[in-house]
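Student: I'd like to ask some things about the structure below.
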Amino acid sequence: MGSTPYVGGGFGHFYAYAPVKIEYAIDRFAMETKRLLDVLDRRLAESKYVAGDAYTIADIAIFPWYGGLAKFGQYGAAEFLAVHEYKNVQRWTDMIYDRPAVKRGRMVNRLSGEPSSQLHERHDASDFDTKTQDKLATASPTV
């Protein structure tokens, strides 16, 4: 888990955001990302969740990185990393994404996608019902 943000962020930086594409850096971080996806896939072949049969902080911490790659096409790299090959990671990602709290959490600070899935600021639980971008656009007066 400790290497997840560094490896995932490093891969994303060099693959998608770096102003200069450095093939060595992309390949190096891609190989390490795929190695960690393989480690996670093998672990999830043995258990429902990362730490066993219960959903824990380990799943919560890892999901945004590897769930982002496996399910949400983070960095536009799904095909490049062949994330579809990690069947257990795919199962785990789908299972976690089905949790209502995860769906709500993914809405907070989202600036793209369907307006109904964007909650730019959350200050109260009711904001999910009243302040998504689709509702704010409808409530705003047009000039």
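Residue numbers start at 1 in each chain; chains themselves are named A, B, ... in the order of the structure tokens; ligands are numbered from 1 in the order shown.
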Set the distance at 12 Å and use only C-alpha atoms: which residues neighbour Ala82 in chain A once local chain neighbours fewer than 2 positions away are removed? I'd like the list as a tab-separated table (two decimals) with all heavy atoms, in the first residue's frame.
Tutor:
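Now in part_20.tsv:
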chain	number	residue	atom	x	y	z
A	30	ALA	N	5.51	2.24	-15.69
A	30	ALA	CA	4.49	1.31	-16.19
A	30	ALA	C	4.81	-0.11	-15.73
A	30	ALA	O	3.91	-0.84	-15.29
A	30	ALA	CB	4.41	1.37	-17.71
A	31	MET	N	6.07	-0.51	-15.81
A	31	MET	CA	6.44	-1.87	-15.36
A	31	MET	C	6.16	-2.04	-13.88
A	31	MET	O	5.64	-3.08	-13.46
A	31	MET	CB	7.91	-2.15	-15.66
A	31	MET	CG	8.20	-2.39	-17.12
A	31	MET	SD	9.90	-2.87	-17.55
A	31	MET	CE	10.90	-2.30	-16.24
A	33	THR	N	3.99	-0.31	-12.05
A	33	THR	CA	2.54	-0.27	-11.85
A	33	THR	C	1.93	-1.63	-12.19
A	33	THR	O	1.09	-2.16	-11.45
A	33	THR	CB	1.91	0.84	-12.70
A	33	THR	OG1	2.47	2.10	-12.30
A	33	THR	CG2	0.40	0.88	-12.55
A	34	LYS	N	2.36	-2.22	-13.30
A	34	LYS	CA	1.85	-3.55	-13.69
A	34	LYS	C	2.28	-4.61	-12.68
A	34	LYS	O	1.52	-5.52	-12.37
A	34	LYS	CB	2.31	-3.91	-15.10
A	34	LYS	CG	1.60	-3.11	-16.17
A	34	LYS	CD	2.03	-3.44	-17.57
A	34	LYS	CE	1.61	-4.78	-18.03
A	34	LYS	NZ	0.20	-5.02	-18.21
A	35	ARG	N	3.48	-4.49	-12.13
A	35	ARG	CA	3.92	-5.45	-11.12
A	35	ARG	C	3.02	-5.37	-9.89
A	35	ARG	O	2.57	-6.39	-9.36
A	35	ARG	CB	5.38	-5.19	-10.71
A	35	ARG	CG	5.92	-6.26	-9.75
A	35	ARG	CD	7.29	-5.90	-9.21
A	35	ARG	NE	7.23	-4.83	-8.23
A	35	ARG	CZ	6.85	-5.00	-6.95
A	35	ARG	NH1	6.48	-6.18	-6.49
A	35	ARG	NH2	6.84	-3.97	-6.12
A	37	LEU	N	-0.07	-4.16	-9.79
A	37	LEU	CA	-1.39	-4.67	-10.18
A	37	LEU	C	-1.40	-6.20	-10.10
A	37	LEU	O	-2.39	-6.79	-9.66
A	37	LEU	CB	-1.77	-4.20	-11.58
A	37	LEU	CG	-2.30	-2.79	-11.70
A	37	LEU	CD1	-2.29	-2.32	-13.15
A	37	LEU	CD2	-3.70	-2.69	-11.10
A	38	ASP	N	-0.31	-6.83	-10.52
A	38	ASP	CA	-0.22	-8.28	-10.46
A	38	ASP	C	-0.20	-8.77	-9.01
A	38	ASP	O	-0.87	-9.75	-8.67
A	38	ASP	CB	1.03	-8.77	-11.20
A	38	ASP	CG	1.10	-10.29	-11.23
A	38	ASP	OD1	0.19	-10.91	-11.84
A	38	ASP	OD2	2.04	-10.84	-10.64
A	69	LEU	N	-7.39	3.23	-12.10
A	69	LEU	CA	-6.79	2.64	-13.30
A	69	LEU	C	-7.69	1.57	-13.90
A	69	LEU	O	-7.90	1.51	-15.10
A	69	LEU	CB	-5.43	2.04	-12.96
A	69	LEU	CG	-4.30	3.01	-12.68
A	69	LEU	CD1	-3.09	2.26	-12.14
A	69	LEU	CD2	-3.94	3.80	-13.92
A	70	ALA	N	-8.21	0.70	-13.04
A	70	ALA	CA	-8.95	-0.48	-13.51
A	70	ALA	C	-10.36	-0.16	-14.01
A	70	ALA	O	-10.83	-0.76	-14.97
A	70	ALA	CB	-9.03	-1.53	-12.40
A	71	LYS	N	-11.04	0.76	-13.35
A	71	LYS	CA	-12.44	0.99	-13.69
A	71	LYS	C	-12.71	2.31	-14.40
A	71	LYS	O	-13.59	2.39	-15.23
A	71	LYS	CB	-13.30	0.93	-12.42
A	71	LYS	CG	-14.78	1.08	-12.71
A	71	LYS	CD	-15.62	0.63	-11.55
A	71	LYS	CE	-17.07	0.67	-11.88
A	71	LYS	NZ	-17.51	-0.35	-12.80
A	73	GLY	N	-10.45	4.41	-16.12
A	73	GLY	CA	-9.57	4.86	-17.20
A	73	GLY	C	-8.65	6.00	-16.82
A	73	GLY	O	-8.30	6.83	-17.66
A	76	GLY	N	-5.98	7.80	-18.95
A	76	GLY	CA	-6.16	7.30	-20.30
A	76	GLY	C	-5.25	6.12	-20.60
A	76	GLY	O	-4.85	5.90	-21.74
A	77	ALA	N	-4.94	5.34	-19.57
A	77	ALA	CA	-3.91	4.30	-19.68
A	77	ALA	C	-4.43	2.87	-19.56
A	77	ALA	O	-3.64	1.94	-19.45
A	77	ALA	CB	-2.84	4.53	-18.62
A	78	ALA	N	-5.74	2.67	-19.56
A	78	ALA	CA	-6.28	1.32	-19.36
A	78	ALA	C	-5.75	0.33	-20.39
A	78	ALA	O	-5.32	-0.78	-20.04
A	78	ALA	CB	-7.81	1.36	-19.39
A	79	GLU	N	-5.76	0.71	-21.64
A	79	GLU	CA	-5.28	-0.20	-22.69
A	79	GLU	C	-3.76	-0.38	-22.58
A	79	GLU	O	-3.25	-1.50	-22.68
A	79	GLU	CB	-5.65	0.33	-24.07
A	79	GLU	CG	-5.29	-0.63	-25.19
A	79	GLU	CD	-5.74	-0.12	-26.55
A	79	GLU	OE1	-6.62	0.76	-26.62
A	79	GLU	OE2	-5.19	-0.61	-27.55
A	80	PHE	N	-3.04	0.70	-22.38
A	80	PHE	CA	-1.58	0.64	-22.29
A	80	PHE	C	-1.15	-0.30	-21.17
A	80	PHE	O	-0.20	-1.08	-21.32
A	80	PHE	CB	-1.03	2.05	-22.05
A	80	PHE	CG	0.47	2.12	-21.93
A	80	PHE	CD1	1.27	2.02	-23.05
A	80	PHE	CD2	1.06	2.29	-20.69
A	80	PHE	CE1	2.66	2.10	-22.95
A	80	PHE	CE2	2.44	2.37	-20.58
A	80	PHE	CZ	3.24	2.27	-21.71
A	84	HIS	N	-7.55	-4.78	-18.06
A	84	HIS	CA	-8.60	-5.80	-18.19
A	84	HIS	C	-8.08	-7.21	-17.86
A	84	HIS	O	-8.86	-8.09	-17.53
A	84	HIS	CB	-9.18	-5.78	-19.61
A	84	HIS	CG	-8.19	-6.19	-20.65
A	84	HIS	ND1	-7.22	-5.33	-21.13
A	84	HIS	CD2	-7.99	-7.38	-21.27
A	84	HIS	CE1	-6.47	-5.97	-22.01
A	84	HIS	NE2	-6.91	-7.21	-22.12
A	85	GLU	N	-6.77	-7.39	-17.92
A	85	GLU	CA	-6.19	-8.71	-17.63
A	85	GLU	C	-6.19	-9.05	-16.15
A	85	GLU	O	-6.04	-10.22	-15.79
A	85	GLU	CB	-4.75	-8.77	-18.16
A	85	GLU	CG	-4.67	-8.69	-19.67
A	85	GLU	CD	-3.25	-8.66	-20.18
A	85	GLU	OE1	-2.29	-8.76	-19.36
A	85	GLU	OE2	-3.08	-8.51	-21.41
A	86	TYR	N	-6.36	-8.08	-15.30
A	86	TYR	CA	-6.33	-8.31	-13.86
A	86	TYR	C	-7.75	-8.56	-13.36
A	86	TYR	O	-8.41	-7.68	-12.83
A	86	TYR	CB	-5.67	-7.11	-13.16
A	86	TYR	CG	-4.27	-6.85	-13.70
A	86	TYR	CD1	-4.04	-5.86	-14.64
A	86	TYR	CD2	-3.20	-7.63	-13.28
A	86	TYR	CE1	-2.78	-5.63	-15.15
A	86	TYR	CE2	-1.93	-7.41	-13.78
A	86	TYR	CZ	-1.72	-6.41	-14.71
A	86	TYR	OH	-0.46	-6.19	-15.22
A	87	LYS	N	-8.22	-9.77	-13.56
A	87	LYS	CA	-9.62	-10.13	-13.31
A	87	LYS	C	-10.03	-9.93	-11.85
A	87	LYS	O	-11.15	-9.50	-11.57
A	87	LYS	CB	-9.90	-11.58	-13.73
A	87	LYS	CG	-9.64	-11.85	-15.20
A	87	LYS	CD	-10.51	-11.02	-16.09
A	87	LYS	CE	-10.26	-11.36	-17.55
A	87	LYS	NZ	-10.75	-10.34	-18.44
A	89	VAL	N	-8.65	-7.86	-9.69
A	89	VAL	CA	-8.69	-6.41	-9.43
A	89	VAL	C	-9.99	-5.84	-10.00
A	89	VAL	O	-10.63	-5.01	-9.36
A	89	VAL	CB	-7.45	-5.70	-10.03
A	89	VAL	CG1	-7.60	-4.18	-9.93
A	89	VAL	CG2	-6.18	-6.17	-9.34
A	90	GLN	N	-10.40	-6.30	-11.17
A	90	GLN	CA	-11.65	-5.85	-11.76
A	90	GLN	C	-12.84	-6.20	-10.85
A	90	GLN	O	-13.71	-5.36	-10.61
A	90	GLN	CB	-11.85	-6.46	-13.15
A	90	GLN	CG	-10.86	-5.98	-14.19
A	90	GLN	CD	-11.07	-4.52	-14.55
A	90	GLN	OE1	-12.17	-3.99	-14.50
A	90	GLN	NE2	-9.98	-3.87	-14.92
Student: Could you write out, as a ChimeraX atom specification, all the residues of chain A that DSSP marks as strand (DSSP E or B)?
Tutor: /A:49,52,108,119
Student: Write out, as a short mmCIF file (atom, residue, chain, number, x, y, z; two decimals), in the first residue's frame, the residues just selected, with all heavy atoms.
Tutor:
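Final output, saved to out.cif:
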data_model
loop_
_atom_site.label_atom_id
_atom_site.label_comp_id
_atom_site.auth_asym_id
_atom_site.auth_seq_id
_atom_site.Cartn_x
_atom_site.Cartn_y
_atom_site.Cartn_z
N TYR A 49 -11.35 -9.14 -0.06
CA TYR A 49 -10.79 -7.80 0.02
C TYR A 49 -9.28 -7.90 0.25
O TYR A 49 -8.75 -8.98 0.46
CB TYR A 49 -11.43 -7.01 1.17
CG TYR A 49 -12.90 -6.73 0.96
CD1 TYR A 49 -13.87 -7.50 1.60
CD2 TYR A 49 -13.32 -5.71 0.14
CE1 TYR A 49 -15.21 -7.25 1.42
CE2 TYR A 49 -14.66 -5.44 -0.06
CZ TYR A 49 -15.61 -6.21 0.59
OH TYR A 49 -16.94 -5.95 0.39
N GLY A 52 -8.48 -9.49 3.68
CA GLY A 52 -9.25 -10.67 4.07
C GLY A 52 -10.69 -10.58 3.61
O GLY A 52 -10.98 -10.05 2.54
N VAL A 108 -17.49 14.14 -4.82
CA VAL A 108 -16.98 15.33 -4.16
C VAL A 108 -15.72 15.84 -4.89
O VAL A 108 -14.80 15.08 -5.16
CB VAL A 108 -16.67 15.04 -2.67
CG1 VAL A 108 -16.08 16.27 -1.99
CG2 VAL A 108 -17.94 14.58 -1.95
N LEU A 119 -20.12 17.27 -7.43
CA LEU A 119 -20.42 18.07 -6.23
C LEU A 119 -19.14 18.84 -5.93
O LEU A 119 -18.22 18.31 -5.31
CB LEU A 119 -20.83 17.17 -5.06
CG LEU A 119 -21.18 17.86 -3.76
CD1 LEU A 119 -22.34 18.83 -3.95
CD2 LEU A 119 -21.51 16.83 -2.70
#
Student: Looking at A:Ala45, A:Phe29, A:Arg99, A:Ile62, which one is nearest to Ala16 in chain A, with distances taken over only C-alpha atoms?
Tutor: A:Phe29
Student: Leu44 in chain A: which residues within 8 Å, counting only C-alpha atoms, same-chain residues fewer than 4 positions away excluded, as a list of chain:residue names?
Tutor: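 The contact residues come out as A:Leu40, A:Lys48, A:Tyr49, A:Val50, A:Asn88, A:Val89, A:Trp92.
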Student: Apply DSSP to the backbone of this structure and, from range 8-132 of chain A, keep only the residues in alpha helix (DSSP H); write these as a ChimeraX atom specification.
Tutor: /A:8-12,23-46,57-62,68-71,78-81,87-97,100-107,127-130
Student: In Å, with one decimal, what is the gap from CA of Tyr66 in chain A to CA of Thr93 in chain A?
Tutor: 8.0 Å
Student: Need to verify the contact set: Ser116 in chain A, 8 Å, only C-alpha atoms, exclusion of same-chain residues closer than 2 positions in sequence. Can you return it as a PyMOL selection string?
Tutor: chain A and resi 114+118-119+132-135
Student: Do a neighbour search on Phe14 in chain A at 9 Å with only C-alpha atoms, toss out local chain neighbours closer than 4 positions, and write the hits as a list of chain:residue names.
Tutor: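 Everything that qualifies: A:Gly9, A:Gly10, A:Ala18, A:Pro19, A:Val20, A:Lys21, A:Ile22, A:Glu23, A:Ala25, A:Ile26, A:Phe29.
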